[in-house]
Amino acid sequence: MDESHRRIEISTLSVAQVARVCEYIRTNLESDMGVAELAGLVNLSPHYFSMLFRRAFGVPPHQYVLQERITEARKLLATGRMTLSELATHLGFSDQSHFSRAFRKVTGTTPRSYRRRKVLVLPDC
């Protein structure tokens, strides 16, 4: 078979690689992590890592990180313990406005509206 017709096999991320990357993302949501940083965790080039990541998760790495940030935001909003500005900083958004836009794009509602629906105010006994 001639070299120009050789088939390129795309493998997938191993279970260990997936676990390492996912754990890193979850514990570093506040940082401005990029594809190169994530790829370095598993010793792959950024381009190859992005292809394998998308194949494994169905979304590009930056989209997965955003989804994880929004998932964590939902949990934190339900507790009502942080201001929206604190929450934005804690989750790696540049500011509250950026956080609110991203949250609304993913959930269809604003963080403030989400918090109002999730926080139950119990009467004092």
# chains A, B, ... in the order shown; residues from 1 in each chain; ligands from 1

$ residues_around --residues "Thr12 of chain A" --least-positions-apart "2" --cutoff "8 Å" --atoms "only C-alpha atoms" --output "list in words"
Ile10, Ser14, Leu52, Phe53, Arg55 and Ala56 of chain A

$ residues_around --residues "Arg116 of chain A" --least-positions-apart "4" --cutoff "12 Å" --atoms "only C-alpha atoms" --output "PDB file with N, CA, C and O atoms, in the first residue's frame"
ATOM      1  N   ARG A  74     -24.299  26.298  39.517  1.00  0.00           N
ATOM      2  CA  ARG A  74     -25.649  25.914  39.956  1.00  0.00           C
ATOM      3  C   ARG A  74     -25.645  25.466  41.411  1.00  0.00           C
ATOM      4  O   ARG A  74     -26.522  25.841  42.187  1.00  0.00           O
ATOM      5  N   LEU A  77     -24.917  28.603  43.583  1.00  0.00           N
ATOM      6  CA  LEU A  77     -26.063  29.511  43.596  1.00  0.00           C
ATOM      7  C   LEU A  77     -27.154  29.015  44.535  1.00  0.00           C
ATOM      8  O   LEU A  77     -27.803  29.805  45.224  1.00  0.00           O
ATOM      9  N   ALA A  78     -27.355  27.712  44.573  1.00  0.00           N
ATOM     10  CA  ALA A  78     -28.389  27.135  45.428  1.00  0.00           C
ATOM     11  C   ALA A  78     -28.091  27.347  46.912  1.00  0.00           C
ATOM     12  O   ALA A  78     -29.011  27.433  47.722  1.00  0.00           O
ATOM     13  N   THR A  79     -26.809  27.475  47.266  1.00  0.00           N
ATOM     14  CA  THR A  79     -26.475  27.694  48.676  1.00  0.00           C
ATOM     15  C   THR A  79     -26.700  29.143  49.084  1.00  0.00           C
ATOM     16  O   THR A  79     -26.940  29.414  50.250  1.00  0.00           O
ATOM     17  N   GLY A  80     -26.581  30.067  48.119  1.00  0.00           N
ATOM     18  CA  GLY A  80     -26.793  31.475  48.400  1.00  0.00           C
ATOM     19  C   GLY A  80     -25.705  32.129  49.239  1.00  0.00           C
ATOM     20  O   GLY A  80     -25.884  33.213  49.764  1.00  0.00           O
ATOM     21  N   THR A 109     -31.433  30.891  31.631  1.00  0.00           N
ATOM     22  CA  THR A 109     -31.874  31.814  32.662  1.00  0.00           C
ATOM     23  C   THR A 109     -30.665  32.532  33.256  1.00  0.00           C
ATOM     24  O   THR A 109     -29.541  32.073  33.102  1.00  0.00           O
ATOM     25  N   THR A 110     -30.905  33.633  33.923  1.00  0.00           N
ATOM     26  CA  THR A 110     -29.804  34.360  34.545  1.00  0.00           C
ATOM     27  C   THR A 110     -29.443  33.718  35.885  1.00  0.00           C
ATOM     28  O   THR A 110     -30.280  33.046  36.500  1.00  0.00           O
ATOM     29  N   PRO A 111     -28.223  33.942  36.355  1.00  0.00           N
ATOM     30  CA  PRO A 111     -27.849  33.402  37.673  1.00  0.00           C
ATOM     31  C   PRO A 111     -28.763  33.920  38.780  1.00  0.00           C
ATOM     32  O   PRO A 111     -29.148  33.168  39.684  1.00  0.00           O
ATOM     33  N   ARG A 112     -29.137  35.177  38.713  1.00  0.00           N
ATOM     34  CA  ARG A 112     -30.010  35.756  39.747  1.00  0.00           C
ATOM     35  C   ARG A 112     -31.367  35.058  39.769  1.00  0.00           C
ATOM     36  O   ARG A 112     -31.872  34.696  40.831  1.00  0.00           O
ATOM     37  N   LEU A 120     -34.400  28.380  49.095  1.00  0.00           N
ATOM     38  CA  LEU A 120     -35.631  28.360  49.880  1.00  0.00           C
ATOM     39  C   LEU A 120     -35.410  29.169  51.144  1.00  0.00           C
ATOM     40  O   LEU A 120     -34.435  28.963  51.867  1.00  0.00           O
ATOM     41  N   VAL A 121     -36.306  30.074  51.412  1.00  0.00           N
ATOM     42  CA  VAL A 121     -36.216  30.851  52.634  1.00  0.00           C
ATOM     43  C   VAL A 121     -37.164  30.195  53.631  1.00  0.00           C
ATOM     44  O   VAL A 121     -38.373  30.181  53.452  1.00  0.00           O
TER      45      VAL A 121
END

$ residues_around --residues "Gln67 of chain A" --least-positions-apart "5" --cutoff "12 Å" --atoms "only C-alpha atoms" --output "list of chain:residue names"
A:Cys22, A:Ile25, A:Arg26, A:Leu29, A:Phe57, A:Val59, A:Pro60, A:Pro61, A:His62, A:Glu72, A:Ala73, A:Arg74, A:Leu91, A:Phe99, A:Ala102, A:Phe103, A:Arg104, A:Lys105, A:Val106, A:Thr107

$ write_last_selection --atoms "N, CA and C atoms" --output "JSON list (two decimals), in the first residue's frame"
[["chain", "number", "residue", "atom", "x", "y", "z"],
["A", 22, "CYS", "N", -10.20, 15.22, 33.87],
["A", 22, "CYS", "CA", -11.45, 15.61, 34.55],
["A", 22, "CYS", "C", -11.18, 16.10, 35.97],
["A", 25, "ILE", "N", -9.60, 19.55, 35.80],
["A", 25, "ILE", "CA", -10.60, 20.57, 35.46],
["A", 25, "ILE", "C", -11.44, 20.91, 36.68],
["A", 26, "ARG", "N", -11.96, 19.88, 37.36],
["A", 26, "ARG", "CA", -12.82, 20.10, 38.52],
["A", 26, "ARG", "C", -12.12, 20.85, 39.65],
["A", 29, "LEU", "N", -11.19, 25.02, 38.41],
["A", 29, "LEU", "CA", -12.20, 25.79, 37.67],
["A", 29, "LEU", "C", -11.91, 27.29, 37.68],
["A", 57, "PHE", "N", -15.76, 13.04, 24.68],
["A", 57, "PHE", "CA", -16.79, 13.79, 25.40],
["A", 57, "PHE", "C", -17.89, 14.37, 24.53],
["A", 59, "VAL", "N", -17.78, 17.12, 22.96],
["A", 59, "VAL", "CA", -17.64, 18.58, 22.91],
["A", 59, "VAL", "C", -16.16, 18.92, 22.98],
["A", 60, "PRO", "N", -15.77, 20.10, 22.49],
["A", 60, "PRO", "CA", -14.36, 20.49, 22.61],
["A", 60, "PRO", "C", -14.00, 20.77, 24.08],
["A", 61, "PRO", "N", -12.72, 20.74, 24.41],
["A", 61, "PRO", "CA", -12.30, 20.95, 25.80],
["A", 61, "PRO", "C", -12.84, 22.24, 26.43],
["A", 62, "HIS", "N", -12.78, 23.37, 25.69],
["A", 62, "HIS", "CA", -13.25, 24.62, 26.28],
["A", 62, "HIS", "C", -14.73, 24.58, 26.62],
["A", 72, "GLU", "N", -20.97, 23.72, 38.56],
["A", 72, "GLU", "CA", -20.54, 24.16, 39.89],
["A", 72, "GLU", "C", -21.28, 25.44, 40.29],
["A", 73, "ALA", "N", -21.51, 26.33, 39.35],
["A", 73, "ALA", "CA", -22.24, 27.57, 39.64],
["A", 73, "ALA", "C", -23.65, 27.26, 40.14],
["A", 74, "ARG", "N", -24.30, 26.30, 39.52],
["A", 74, "ARG", "CA", -25.65, 25.91, 39.96],
["A", 74, "ARG", "C", -25.64, 25.47, 41.41],
["A", 91, "LEU", "N", -15.09, 30.95, 39.88],
["A", 91, "LEU", "CA", -15.23, 29.97, 38.80],
["A", 91, "LEU", "C", -14.43, 30.33, 37.55],
["A", 99, "PHE", "N", -19.76, 35.96, 33.38],
["A", 99, "PHE", "CA", -20.38, 34.81, 34.03],
["A", 99, "PHE", "C", -21.88, 34.75, 33.72],
["A", 102, "ALA", "N", -22.56, 33.70, 30.09],
["A", 102, "ALA", "CA", -22.27, 32.27, 29.88],
["A", 102, "ALA", "C", -23.33, 31.40, 30.55],
["A", 103, "PHE", "N", -23.72, 31.78, 31.77],
["A", 103, "PHE", "CA", -24.73, 31.01, 32.50],
["A", 103, "PHE", "C", -26.06, 31.02, 31.74],
["A", 104, "ARG", "N", -26.45, 32.18, 31.29],
["A", 104, "ARG", "CA", -27.71, 32.28, 30.56],
["A", 104, "ARG", "C", -27.67, 31.51, 29.25],
["A", 105, "LYS", "N", -26.54, 31.55, 28.57],
["A", 105, "LYS", "CA", -26.42, 30.82, 27.29],
["A", 105, "LYS", "C", -26.58, 29.32, 27.50],
["A", 106, "VAL", "N", -26.03, 28.80, 28.60],
["A", 106, "VAL", "CA", -26.09, 27.37, 28.87],
["A", 106, "VAL", "C", -27.42, 26.95, 29.47],
["A", 107, "THR", "N", -27.96, 27.75, 30.41],
["A", 107, "THR", "CA", -29.15, 27.34, 31.15],
["A", 107, "THR", "C", -30.45, 27.95, 30.67]]

$ residues_around --residues "segment 43-47 of chain A" --least-positions-apart "2" --cutoff "12 Å" --atoms "only C-alpha atoms" --output "list in words"
Thr12, Leu13, Gln17, Arg20, Val21, Gly34, Val35, Ala36, Glu37, Leu38, Ala39, Gly40, Leu41, Phe49, Ser50, Met51, Leu52, Phe53, Arg54, Pro60 and Pro61 of chain A

$ atom_distance --atom1 "atom CA of Gly92 of chain A" --atom2 "atom CA of Asp32 of chain A"
6.3 Å

$ select_by_dssp --residues "segment 17-117 of chain A" --states "helix (DSSP H, G or I)" --output "PyMOL selection string"
chain A and resi 17-27+35-41+46-57+61-79+84-90+96-107+111-117

$ closest_residue --among "A:Thr83, A:Leu76, A:Arg115, A:Leu66" --to "Arg101 of chain A" --atoms "only C-alpha atoms"
A:Leu66
